[in-house]
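Trainee: Got a structure for you, run38.cif, holding mmCIF, C-alpha atoms and all ligand atoms.
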```cif
data_model
#
loop_
_atom_site.group_PDB
_atom_site.id
_atom_site.type_symbol
_atom_site.label_atom_id
_atom_site.label_comp_id
_atom_site.auth_asym_id
_atom_site.auth_seq_id
_atom_site.Cartn_x
_atom_site.Cartn_y
_atom_site.Cartn_z
ATOM 1 C CA MET Y 548 31.301 9.674 -36.363
ATOM 2 C CA ILE Y 549 28.226 8.416 -34.458
ATOM 3 C CA THR Y 550 25.009 9.416 -36.251
ATOM 4 C CA SER Y 551 21.483 9.702 -34.929
ATOM 5 C CA ILE Y 552 20.647 6.562 -36.986
ATOM 6 C CA ASP Y 553 23.321 4.637 -35.036
ATOM 7 C CA LEU Y 554 21.850 5.922 -31.774
ATOM 8 C CA ASP Y 555 18.350 4.866 -32.859
ATOM 9 C CA GLN Y 556 19.598 1.399 -33.820
ATOM 10 C CA ASP Y 557 21.448 1.066 -30.537
ATOM 11 C CA PHE Y 558 18.282 1.823 -28.556
ATOM 12 C CA THR Y 559 16.104 -0.382 -30.831
ATOM 13 C CA GLN Y 560 18.442 -3.337 -30.314
ATOM 14 C CA PHE Y 561 18.476 -2.688 -26.582
ATOM 15 C CA ILE Y 562 14.670 -2.883 -26.596
ATOM 16 C CA GLN Y 563 14.690 -6.122 -28.620
ATOM 17 C CA ARG Y 564 17.280 -7.872 -26.454
ATOM 18 C CA LEU Y 565 15.621 -6.757 -23.257
ATOM 19 C CA LYS Y 566 12.309 -8.146 -24.458
ATOM 20 C CA SER Y 567 13.695 -11.531 -25.447
ATOM 21 C CA LYS Y 568 15.592 -11.855 -22.163
ATOM 22 C CA THR Y 569 13.043 -10.474 -19.680
ATOM 23 C CA GLU Y 570 9.723 -9.998 -21.529
ATOM 24 C CA ILE Y 571 9.770 -6.300 -20.650
ATOM 25 C CA ASP Y 572 8.552 -4.533 -23.784
ATOM 26 C CA LEU Y 573 9.831 -0.950 -23.726
ATOM 27 C CA ALA Y 574 8.264 -0.416 -27.159
ATOM 28 C CA LEU Y 575 4.946 -0.105 -25.319
ATOM 29 C CA TYR Y 576 6.148 2.934 -23.328
ATOM 30 C CA LYS Y 577 6.399 6.562 -24.471
ATOM 31 C CA GLU Y 578 9.747 6.431 -26.258
ATOM 32 C CA GLY Y 579 11.103 9.963 -25.715
ATOM 33 C CA GLN Y 580 10.543 9.972 -21.970
ATOM 34 C CA MET Y 581 11.799 6.410 -21.414
ATOM 35 C CA ARG Y 582 14.862 6.941 -23.592
ATOM 36 C CA ARG Y 583 15.844 10.102 -21.701
ATOM 37 C CA ARG Y 584 15.449 8.372 -18.337
ATOM 38 C CA LEU Y 585 17.534 5.358 -19.390
ATOM 39 C CA ASN Y 586 20.109 7.439 -21.234
ATOM 40 C CA SER Y 587 20.914 9.400 -18.097
ATOM 41 C CA LEU Y 588 21.352 6.158 -16.117
ATOM 42 C CA LYS Y 589 23.545 4.685 -18.887
ATOM 43 C CA GLU Y 590 25.763 7.786 -18.914
ATOM 44 C CA LYS Y 591 25.909 8.004 -15.138
ATOM 45 C CA ARG Y 592 27.207 4.429 -15.050
ATOM 46 C CA GLY Y 593 29.813 5.199 -17.759
ATOM 47 C CA PHE Y 594 28.481 3.172 -20.711
ATOM 48 C CA ARG Y 595 28.906 4.511 -24.253
ATOM 49 C CA SER Y 596 26.074 2.525 -25.844
ATOM 50 C CA PHE Y 597 22.808 0.920 -24.784
ATOM 51 C CA LEU Y 598 24.157 -2.442 -25.957
ATOM 52 C CA ASP Y 599 27.157 -2.174 -23.601
ATOM 53 C CA PHE Y 600 24.742 -1.193 -20.855
ATOM 54 C CA PHE Y 601 22.577 -4.233 -21.640
ATOM 55 C CA GLN Y 602 25.529 -6.654 -21.576
ATOM 56 C CA ALA Y 603 26.601 -5.311 -18.190
ATOM 57 C CA MET Y 604 23.072 -5.354 -16.831
ATOM 58 C CA ILE Y 605 22.494 -9.030 -17.559
ATOM 59 C CA LYS Y 606 25.628 -9.927 -15.612
ATOM 60 C CA ASN Y 607 25.051 -7.546 -12.723
ATOM 61 C CA PRO Y 608 21.787 -7.835 -10.729
ATOM 62 C CA GLU Y 609 22.554 -4.564 -8.921
ATOM 63 C CA LEU Y 610 22.657 -2.695 -12.210
ATOM 64 C CA PHE Y 611 19.497 -4.475 -13.296
ATOM 65 C CA ASP Y 612 17.802 -3.250 -10.097
ATOM 66 C CA ASP Y 613 18.916 0.306 -10.896
ATOM 67 C CA PHE Y 614 17.468 -0.078 -14.373
ATOM 68 C CA LEU Y 615 14.137 -1.252 -12.896
ATOM 69 C CA ASP Y 616 14.079 1.642 -10.430
ATOM 70 C CA ARG Y 617 14.601 4.051 -13.318
ATOM 71 C CA MET Y 618 11.992 2.594 -15.681
ATOM 72 C CA LEU Y 619 9.226 1.672 -13.227
ATOM 73 C CA ILE Y 620 7.655 4.831 -11.936
ATOM 74 C CA ASN Y 621 5.784 3.937 -8.786
ATOM 75 C CA VAL Y 622 3.947 7.219 -8.226
ATOM 76 C CA SER Y 623 0.486 6.541 -6.827
ATOM 77 C CA GLU Y 624 -2.059 8.049 -4.449
ATOM 78 C CA PHE Y 625 -5.434 7.117 -3.059
ATOM 79 C CA PHE Y 626 -8.177 8.283 -5.442
ATOM 80 C CA ARG Y 627 -5.521 9.684 -7.774
ATOM 81 C CA ASN Y 628 -7.230 11.837 -10.428
ATOM 82 C CA PRO Y 629 -10.389 12.298 -8.305
ATOM 83 C CA LYS Y 630 -12.590 13.197 -11.294
ATOM 84 C CA ARG Y 631 -12.023 9.737 -12.801
ATOM 85 C CA TRP Y 632 -12.993 8.127 -9.522
ATOM 86 C CA GLU Y 633 -16.183 10.168 -9.498
ATOM 87 C CA VAL Y 634 -17.133 8.664 -12.892
ATOM 88 C CA LEU Y 635 -16.249 5.209 -11.600
ATOM 89 C CA GLU Y 636 -18.394 5.632 -8.474
ATOM 90 C CA LYS Y 637 -21.344 7.401 -10.100
ATOM 91 C CA GLN Y 638 -21.561 5.580 -13.445
ATOM 92 C CA VAL Y 639 -19.256 2.633 -14.002
ATOM 93 C CA ILE Y 640 -19.678 0.625 -10.790
ATOM 94 C CA PRO Y 641 -23.469 1.076 -10.460
ATOM 95 C CA GLY Y 642 -23.859 0.338 -14.212
ATOM 96 C CA ILE Y 643 -21.933 -2.952 -14.007
ATOM 97 C CA LEU Y 644 -23.739 -4.009 -10.834
ATOM 98 C CA ALA Y 645 -27.141 -3.231 -12.394
ATOM 99 C CA ARG Y 646 -26.305 -5.352 -15.447
ATOM 100 C CA ASN Y 647 -24.415 -8.252 -13.848
ATOM 101 C CA GLY Y 648 -25.212 -8.166 -10.157
ATOM 102 C CA ARG Y 649 -21.503 -8.642 -9.480
ATOM 103 C CA ILE Y 650 -18.203 -7.035 -10.386
ATOM 104 C CA LYS Y 651 -14.680 -8.337 -10.936
ATOM 105 C CA CYS Y 652 -11.831 -5.828 -10.546
ATOM 106 C CA TRP Y 653 -8.175 -5.992 -11.544
ATOM 107 C CA SER Y 654 -5.710 -3.229 -10.719
ATOM 108 C CA ALA Y 655 -3.223 -4.207 -13.425
ATOM 109 C CA ALA Y 656 -0.300 -1.934 -12.454
ATOM 110 C CA CYS Y 657 -1.155 -1.508 -8.803
ATOM 111 C CA SER Y 658 2.162 -0.037 -7.648
ATOM 112 C CA THR Y 659 2.217 0.334 -3.839
ATOM 113 C CA GLY Y 660 -1.469 -0.483 -3.362
ATOM 114 C CA GLU Y 661 -3.233 2.879 -3.301
ATOM 115 C CA GLU Y 662 -5.279 2.044 -6.406
ATOM 116 C CA PRO Y 663 -6.619 -1.427 -5.427
ATOM 117 C CA TYR Y 664 -7.372 -0.232 -1.868
ATOM 118 C CA SER Y 665 -9.196 2.811 -3.302
ATOM 119 C CA LEU Y 666 -11.241 0.411 -5.426
ATOM 120 C CA VAL Y 667 -12.216 -1.603 -2.348
ATOM 121 C CA MET Y 668 -13.323 1.574 -0.572
ATOM 122 C CA ALA Y 669 -15.315 2.770 -3.587
ATOM 123 C CA LEU Y 670 -16.959 -0.658 -3.881
ATOM 124 C CA SER Y 671 -17.782 -0.683 -0.171
ATOM 125 C CA SER Y 672 -20.456 1.955 -0.854
ATOM 126 C CA PHE Y 673 -22.302 -0.674 -2.920
ATOM 127 C CA LEU Y 674 -21.297 -4.047 -1.506
ATOM 128 C CA ASN Y 675 -20.459 -5.701 1.755
ATOM 129 C CA LEU Y 676 -16.677 -5.983 2.220
ATOM 130 C CA ARG Y 677 -17.054 -9.775 2.312
ATOM 131 C CA GLU Y 678 -18.308 -9.692 -1.290
ATOM 132 C CA ILE Y 679 -15.373 -7.640 -2.606
ATOM 133 C CA GLN Y 680 -12.310 -9.183 -4.260
ATOM 134 C CA VAL Y 681 -9.774 -7.062 -6.141
ATOM 135 C CA LEU Y 682 -6.848 -8.628 -7.959
ATOM 136 C CA ALA Y 683 -3.775 -6.381 -7.836
ATOM 137 C CA THR Y 684 -0.653 -7.023 -9.891
ATOM 138 C CA ASP Y 685 2.556 -5.228 -10.744
ATOM 139 C CA ILE Y 686 5.923 -6.200 -12.159
ATOM 140 C CA ASP Y 687 7.764 -4.508 -9.301
ATOM 141 C CA GLN Y 688 8.199 -6.843 -6.355
ATOM 142 C CA ASN Y 689 9.233 -4.016 -4.001
ATOM 143 C CA ALA Y 690 6.027 -2.128 -4.824
ATOM 144 C CA ILE Y 691 3.938 -5.245 -4.103
ATOM 145 C CA GLU Y 692 5.664 -5.665 -0.724
ATOM 146 C CA LYS Y 693 4.766 -2.070 0.176
ATOM 147 C CA ALA Y 694 1.201 -2.670 -0.970
ATOM 148 C CA LYS Y 695 0.977 -5.665 1.356
ATOM 149 C CA GLY Y 696 2.347 -3.554 4.225
ATOM 150 C CA GLY Y 697 -0.482 -1.028 3.743
ATOM 151 C CA LYS Y 698 1.291 1.938 5.428
ATOM 152 C CA TYR Y 699 1.218 5.359 3.787
ATOM 153 C CA GLN Y 700 2.407 8.945 4.200
ATOM 154 C CA ALA Y 701 0.058 11.951 4.391
ATOM 155 C CA GLN Y 702 0.719 12.822 0.723
ATOM 156 C CA SER Y 703 -0.836 9.514 -0.399
ATOM 157 C CA VAL Y 704 -4.155 10.186 1.326
ATOM 158 C CA LYS Y 705 -4.585 13.858 0.404
ATOM 159 C CA ASP Y 706 -7.389 13.141 -2.126
ATOM 160 C CA LEU Y 707 -8.967 10.348 -0.124
ATOM 161 C CA PRO Y 708 -12.551 11.245 0.879
ATOM 162 C CA LYS Y 709 -12.638 11.909 4.639
ATOM 163 C CA PRO Y 710 -15.353 9.337 5.420
ATOM 164 C CA TYR Y 711 -13.136 6.580 3.968
ATOM 165 C CA LEU Y 712 -10.101 7.939 5.804
ATOM 166 C CA ASN Y 713 -11.947 7.880 9.125
ATOM 167 C CA LYS Y 714 -13.493 4.478 8.548
ATOM 168 C CA PHE Y 715 -10.640 2.457 7.074
ATOM 169 C CA PHE Y 716 -7.386 3.932 8.467
ATOM 170 C CA ALA Y 717 -5.584 4.191 11.774
ATOM 171 C CA VAL Y 718 -2.781 6.699 12.352
ATOM 172 C CA ARG Y 719 0.333 5.130 13.844
ATOM 173 C CA ASP Y 720 3.802 6.701 14.062
ATOM 174 C CA GLN Y 721 2.679 9.455 11.684
ATOM 175 C CA GLN Y 722 1.680 6.890 9.070
ATOM 176 C CA TYR Y 723 -1.754 6.042 7.742
ATOM 177 C CA VAL Y 724 -2.314 2.320 8.214
ATOM 178 C CA ILE Y 725 -5.046 0.654 6.209
ATOM 179 C CA SER Y 726 -7.394 -1.703 8.032
ATOM 180 C CA ASP Y 727 -7.046 -5.481 7.753
ATOM 181 C CA GLU Y 728 -10.635 -5.788 6.542
ATOM 182 C CA VAL Y 729 -9.756 -3.711 3.435
ATOM 183 C CA LYS Y 730 -6.461 -5.574 2.974
ATOM 184 C CA ARG Y 731 -8.286 -8.908 3.010
ATOM 185 C CA CYS Y 732 -10.253 -7.839 -0.096
ATOM 186 C CA VAL Y 733 -7.098 -7.467 -2.168
ATOM 187 C CA ASN Y 734 -5.107 -10.311 -3.606
ATOM 188 C CA SER Y 735 -1.737 -8.834 -4.625
ATOM 189 C CA ASN Y 736 0.757 -10.588 -6.835
ATOM 190 C CA VAL Y 737 3.891 -9.968 -8.811
ATOM 191 C CA ILE Y 738 2.812 -10.598 -12.371
ATOM 192 C CA ILE Y 739 6.240 -11.410 -13.762
ATOM 193 C CA TYR Y 740 9.085 -12.933 -11.840
ATOM 194 C CA TRP Y 741 11.958 -10.460 -11.644
ATOM 195 C CA PRO Y 742 15.394 -11.805 -10.891
ATOM 196 C CA THR Y 743 16.710 -9.018 -8.696
ATOM 197 C CA ARG Y 744 19.464 -8.588 -6.161
ATOM 198 C CA SER Y 745 17.054 -9.528 -3.393
ATOM 199 C CA ASN Y 746 16.679 -13.119 -4.604
ATOM 200 C CA ASN Y 747 20.269 -13.277 -5.745
ATOM 201 C CA THR Y 748 19.877 -14.815 -9.190
ATOM 202 C CA SER Y 749 21.100 -13.700 -12.570
ATOM 203 C CA ILE Y 750 18.814 -12.724 -15.420
HETATM 204 C C1 LIG Y 801 2.689 5.406 -12.147
HETATM 205 S S1 LIG Y 801 2.411 3.852 -11.352
HETATM 206 C C2 LIG Y 801 0.643 3.821 -11.398
HETATM 207 C C3 LIG Y 801 0.022 3.163 -10.190
HETATM 208 C C4 LIG Y 801 -1.506 3.167 -10.174
HETATM 209 N N1 LIG Y 801 -2.055 2.392 -11.278
HETATM 210 C C5 LIG Y 801 -2.062 4.576 -10.193
HETATM 211 O O1 LIG Y 801 -2.541 5.031 -11.238
HETATM 212 O O2 LIG Y 801 -2.028 5.228 -9.147
HETATM 213 C C6 LIG Y 801 2.889 2.726 -12.636
HETATM 214 C C7 LIG Y 801 3.088 1.274 -12.168
HETATM 215 O O3 LIG Y 801 3.089 0.453 -13.330
HETATM 216 C C8 LIG Y 801 3.987 -0.626 -13.119
HETATM 217 N N2 LIG Y 801 4.327 -1.139 -14.428
HETATM 218 C C9 LIG Y 801 5.111 -0.567 -15.368
HETATM 219 N N3 LIG Y 801 5.178 -1.350 -16.441
HETATM 220 C C10 LIG Y 801 4.402 -2.441 -16.189
HETATM 221 C C11 LIG Y 801 4.071 -3.609 -16.935
HETATM 222 N N4 LIG Y 801 4.576 -3.802 -18.139
HETATM 223 N N5 LIG Y 801 3.240 -4.527 -16.369
HETATM 224 C C12 LIG Y 801 2.734 -4.331 -15.116
HETATM 225 N N6 LIG Y 801 3.017 -3.246 -14.355
HETATM 226 C C13 LIG Y 801 3.841 -2.327 -14.899
HETATM 227 C C14 LIG Y 801 5.144 0.021 -12.375
HETATM 228 O O4 LIG Y 801 5.905 -0.939 -11.656
HETATM 229 C C15 LIG Y 801 4.397 1.017 -11.465
HETATM 230 O O5 LIG Y 801 4.158 0.439 -10.210
#
```
Could you write out this structure as structure tokens?

Mentor:
Amino acid sequence: MITSIDLDQDFTQFIQRLKSKTEIDLALYKEGQMRRRLNSLKEKRGFRSFLDFFQAMIKNPELFDDFLDRMLINVSEFFRNPKRWEVLEKQVIPGILARNGRIKCWSAACSTGEEPYSLVMALSSFLNLREIQVLATDIDQNAIEKAKGGKYQAQSVKDLPKPYLNKFFAVRDQQYVISDEVKRCVNSNVIIYWPTRSNNTSI
């Protein structure tokens, strides 16, 4: 009989092995939600335990890609959670500039770019674009590629203040394309090298 203790151990060992092999630390994520997401992928692919799933994943880059797609949630929008951005624009940015005269920004899980580009636009109310540099990193290479492309659907810009939309975007083929002058302010990088199907290596 498989007990809930066995299931816990199975998932705990999965987390440990994944960390030592890839440096992804699932212990830092909300356990219930992450476990449900990965459990459904494991079952869909026909594995009985997380350890079996892990063994298969390290031999099969395609499965590893599926795992990444399931665990990395790329949801993002311009000025997502507008109330937070209001605090940033009214208190945080002016406060830092008053104290230091300059500001360094890092969008540490930048996803497809909406957050670092929003930061550039918010900063442009205080600084010349030439003075703005935002570092943007993510562990998802596909997300970084989209960020570099700078093309977005209407849903992504729904909370973007209209003056920024008019000033920094062009509409082409029903997509919102961010201007090169904003793009130049963002230095985007993959923070960890992921061996995925696209570069055809094993983990
Ligand atoms: C929900 S999105 C948030 C994007 C943006 N920060 C925002 O709030 O709109 C989460 C992003 O975190 C990235 N991520 C998840 N775990 C990460 C980690 N350990 N280090 C860096 N980025 C990570 C994912 O790839 C994904 O792009």

Trainee: For ligand LIG 801 (chain Y), return the neighbouring residues as an mmCIF file with C-alpha atoms, in the coordinates of the input (distance at most 10 Å; all atoms listed in the file).

Mentor:
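Okay, selection00.cif is ready:
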```
data_model
loop_
_atom_site.group_PDB
_atom_site.id
_atom_site.type_symbol
_atom_site.label_atom_id
_atom_site.label_comp_id
_atom_site.auth_asym_id
_atom_site.auth_seq_id
_atom_site.Cartn_x
_atom_site.Cartn_y
_atom_site.Cartn_z
ATOM 1 C CA GLU Y 570 9.723 -9.998 -21.529
ATOM 2 C CA ILE Y 571 9.770 -6.300 -20.650
ATOM 3 C CA ASP Y 572 8.552 -4.533 -23.784
ATOM 4 C CA LEU Y 573 9.831 -0.950 -23.726
ATOM 5 C CA LEU Y 575 4.946 -0.105 -25.319
ATOM 6 C CA TYR Y 576 6.148 2.934 -23.328
ATOM 7 C CA LEU Y 615 14.137 -1.252 -12.896
ATOM 8 C CA ASP Y 616 14.079 1.642 -10.430
ATOM 9 C CA MET Y 618 11.992 2.594 -15.681
ATOM 10 C CA LEU Y 619 9.226 1.672 -13.227
ATOM 11 C CA ILE Y 620 7.655 4.831 -11.936
ATOM 12 C CA ASN Y 621 5.784 3.937 -8.786
ATOM 13 C CA VAL Y 622 3.947 7.219 -8.226
ATOM 14 C CA SER Y 623 0.486 6.541 -6.827
ATOM 15 C CA GLU Y 624 -2.059 8.049 -4.449
ATOM 16 C CA PHE Y 625 -5.434 7.117 -3.059
ATOM 17 C CA PHE Y 626 -8.177 8.283 -5.442
ATOM 18 C CA ARG Y 627 -5.521 9.684 -7.774
ATOM 19 C CA ASN Y 628 -7.230 11.837 -10.428
ATOM 20 C CA SER Y 654 -5.710 -3.229 -10.719
ATOM 21 C CA ALA Y 655 -3.223 -4.207 -13.425
ATOM 22 C CA ALA Y 656 -0.300 -1.934 -12.454
ATOM 23 C CA CYS Y 657 -1.155 -1.508 -8.803
ATOM 24 C CA SER Y 658 2.162 -0.037 -7.648
ATOM 25 C CA THR Y 659 2.217 0.334 -3.839
ATOM 26 C CA GLY Y 660 -1.469 -0.483 -3.362
ATOM 27 C CA GLU Y 661 -3.233 2.879 -3.301
ATOM 28 C CA GLU Y 662 -5.279 2.044 -6.406
ATOM 29 C CA PRO Y 663 -6.619 -1.427 -5.427
ATOM 30 C CA SER Y 665 -9.196 2.811 -3.302
ATOM 31 C CA ALA Y 683 -3.775 -6.381 -7.836
ATOM 32 C CA THR Y 684 -0.653 -7.023 -9.891
ATOM 33 C CA ASP Y 685 2.556 -5.228 -10.744
ATOM 34 C CA ILE Y 686 5.923 -6.200 -12.159
ATOM 35 C CA ASP Y 687 7.764 -4.508 -9.301
ATOM 36 C CA GLN Y 688 8.199 -6.843 -6.355
ATOM 37 C CA ASN Y 689 9.233 -4.016 -4.001
ATOM 38 C CA ALA Y 690 6.027 -2.128 -4.824
ATOM 39 C CA ILE Y 691 3.938 -5.245 -4.103
ATOM 40 C CA SER Y 703 -0.836 9.514 -0.399
ATOM 41 C CA VAL Y 737 3.891 -9.968 -8.811
ATOM 42 C CA ILE Y 738 2.812 -10.598 -12.371
ATOM 43 C CA ILE Y 739 6.240 -11.410 -13.762
#
```

Trainee: Which value, in Å to one decimal, gives the distance between atom CA of Y:Leu565 and atom CA of Y:Phe614?

Mentor: 11.3 Å

Trainee: So what does the PyMOL selection byres (((chain Y and resi 713) around 12) and not hetatm) actually pick up in this one, as a PyMOL selection string?

Mentor: chain Y and resi 668+704+707-712+714-718+723-726

Trainee: Just to confirm, what's the straight-line distance from atom CA of Y:Ser671 to atom CA of Y:Arg646 in Å (one decimal)?

Mentor: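 Answer for the atom CA of Y:Ser671 to atom CA of Y:Arg646 separation: 18.1 Å.
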
Trainee: Which residues would end up in the selection if the PyMOL selection byres (((chain Y and resi 588-595) around 12) and not hetatm) were applied here, given that I need the answer as number ranges by chain?

Mentor: Y: 549, 554, 557-558, 561, 581-587, 596-604, 609-618

Trainee: Please dump the current selection as a PDB file, in the frame of the given file; keep C-alpha atoms.

Mentor:
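Saved result, out.pdb, follows:
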```pdb
ATOM      1  CA  ILE Y 549      28.226   8.416 -34.458  1.00  0.00           C
ATOM      2  CA  LEU Y 554      21.850   5.922 -31.774  1.00  0.00           C
ATOM      3  CA  ASP Y 557      21.448   1.066 -30.537  1.00  0.00           C
ATOM      4  CA  PHE Y 558      18.282   1.823 -28.556  1.00  0.00           C
ATOM      5  CA  PHE Y 561      18.476  -2.688 -26.582  1.00  0.00           C
ATOM      6  CA  MET Y 581      11.799   6.410 -21.414  1.00  0.00           C
ATOM      7  CA  ARG Y 582      14.862   6.941 -23.592  1.00  0.00           C
ATOM      8  CA  ARG Y 583      15.844  10.102 -21.701  1.00  0.00           C
ATOM      9  CA  ARG Y 584      15.449   8.372 -18.337  1.00  0.00           C
ATOM     10  CA  LEU Y 585      17.534   5.358 -19.390  1.00  0.00           C
ATOM     11  CA  ASN Y 586      20.109   7.439 -21.234  1.00  0.00           C
ATOM     12  CA  SER Y 587      20.914   9.400 -18.097  1.00  0.00           C
ATOM     13  CA  SER Y 596      26.074   2.525 -25.844  1.00  0.00           C
ATOM     14  CA  PHE Y 597      22.808   0.920 -24.784  1.00  0.00           C
ATOM     15  CA  LEU Y 598      24.157  -2.442 -25.957  1.00  0.00           C
ATOM     16  CA  ASP Y 599      27.157  -2.174 -23.601  1.00  0.00           C
ATOM     17  CA  PHE Y 600      24.742  -1.193 -20.855  1.00  0.00           C
ATOM     18  CA  PHE Y 601      22.577  -4.233 -21.640  1.00  0.00           C
ATOM     19  CA  GLN Y 602      25.529  -6.654 -21.576  1.00  0.00           C
ATOM     20  CA  ALA Y 603      26.601  -5.311 -18.190  1.00  0.00           C
ATOM     21  CA  MET Y 604      23.072  -5.354 -16.831  1.00  0.00           C
ATOM     22  CA  GLU Y 609      22.554  -4.564  -8.921  1.00  0.00           C
ATOM     23  CA  LEU Y 610      22.657  -2.695 -12.210  1.00  0.00           C
ATOM     24  CA  PHE Y 611      19.497  -4.475 -13.296  1.00  0.00           C
ATOM     25  CA  ASP Y 612      17.802  -3.250 -10.097  1.00  0.00           C
ATOM     26  CA  ASP Y 613      18.916   0.306 -10.896  1.00  0.00           C
ATOM     27  CA  PHE Y 614      17.468  -0.078 -14.373  1.00  0.00           C
ATOM     28  CA  LEU Y 615      14.137  -1.252 -12.896  1.00  0.00           C
ATOM     29  CA  ASP Y 616      14.079   1.642 -10.430  1.00  0.00           C
ATOM     30  CA  ARG Y 617      14.601   4.051 -13.318  1.00  0.00           C
ATOM     31  CA  MET Y 618      11.992   2.594 -15.681  1.00  0.00           C
TER      32      MET Y 618
END
```

Trainee: Please measure the separation of atom CA of Y:Gln580 and atom CA of Y:Asp706, giving the value in Å to one decimal.

Mentor: 26.9 Å

Trainee: Show which residues sit within 9 Å of Y:Ile640, as a list in words. Count only C-alpha atoms, and ignore same-chain residues fewer than 6 positions away.

Mentor: Val634, Ile650, Ala669, Leu670 and Phe673 of chain Y

Trainee: Between Y:Val667, Y:Gln722, Y:Val681, Y:Ser672, which is the closest to Y:Pro641 once you count only C-alpha atoms?

Mentor: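 Ranking Y:Val667, Y:Gln722, Y:Val681, Y:Ser672 by distance to Y:Pro641, first place goes to Y:Ser672.
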
Trainee: With the input short on atoms, add N, CA and C atoms back to stretch 693-705 of chain Y and write it as a short mmCIF file (atom, residue, chain, number, x, y, z; two decimals), keeping the file's coordinate frame.

Mentor:
```cif
data_model
loop_
_atom_site.label_atom_id
_atom_site.label_comp_id
_atom_site.auth_asym_id
_atom_site.auth_seq_id
_atom_site.Cartn_x
_atom_site.Cartn_y
_atom_site.Cartn_z
N LYS Y 693 5.30 -3.26 -0.50
CA LYS Y 693 4.77 -2.07 0.18
C LYS Y 693 3.25 -2.11 0.19
N ALA Y 694 2.67 -2.57 -0.92
CA ALA Y 694 1.20 -2.67 -0.97
C ALA Y 694 0.71 -3.59 0.15
N LYS Y 695 1.40 -4.71 0.32
CA LYS Y 695 0.98 -5.66 1.36
C LYS Y 695 1.12 -5.07 2.75
N GLY Y 696 2.13 -4.20 2.92
CA GLY Y 696 2.35 -3.55 4.22
C GLY Y 696 1.21 -2.58 4.56
N GLY Y 697 0.69 -1.90 3.56
CA GLY Y 697 -0.48 -1.03 3.74
C GLY Y 697 -0.24 0.20 4.63
N LYS Y 698 0.99 0.74 4.63
CA LYS Y 698 1.29 1.94 5.43
C LYS Y 698 1.66 3.08 4.49
N TYR Y 699 1.08 4.26 4.75
CA TYR Y 699 1.22 5.36 3.79
C TYR Y 699 1.50 6.68 4.49
N GLN Y 700 2.14 7.59 3.71
CA GLN Y 700 2.41 8.94 4.20
C GLN Y 700 1.20 9.84 3.90
N ALA Y 701 1.19 11.02 4.54
CA ALA Y 701 0.06 11.95 4.39
C ALA Y 701 -0.20 12.30 2.92
N GLN Y 702 0.87 12.46 2.14
CA GLN Y 702 0.72 12.82 0.72
C GLN Y 702 -0.18 11.83 -0.03
N SER Y 703 -0.07 10.55 0.32
CA SER Y 703 -0.84 9.51 -0.40
C SER Y 703 -2.33 9.62 -0.16
N VAL Y 704 -2.72 10.18 0.99
CA VAL Y 704 -4.16 10.19 1.33
C VAL Y 704 -4.80 11.56 1.12
N LYS Y 705 -4.07 12.49 0.47
CA LYS Y 705 -4.58 13.86 0.40
C LYS Y 705 -5.90 13.97 -0.37
#
```
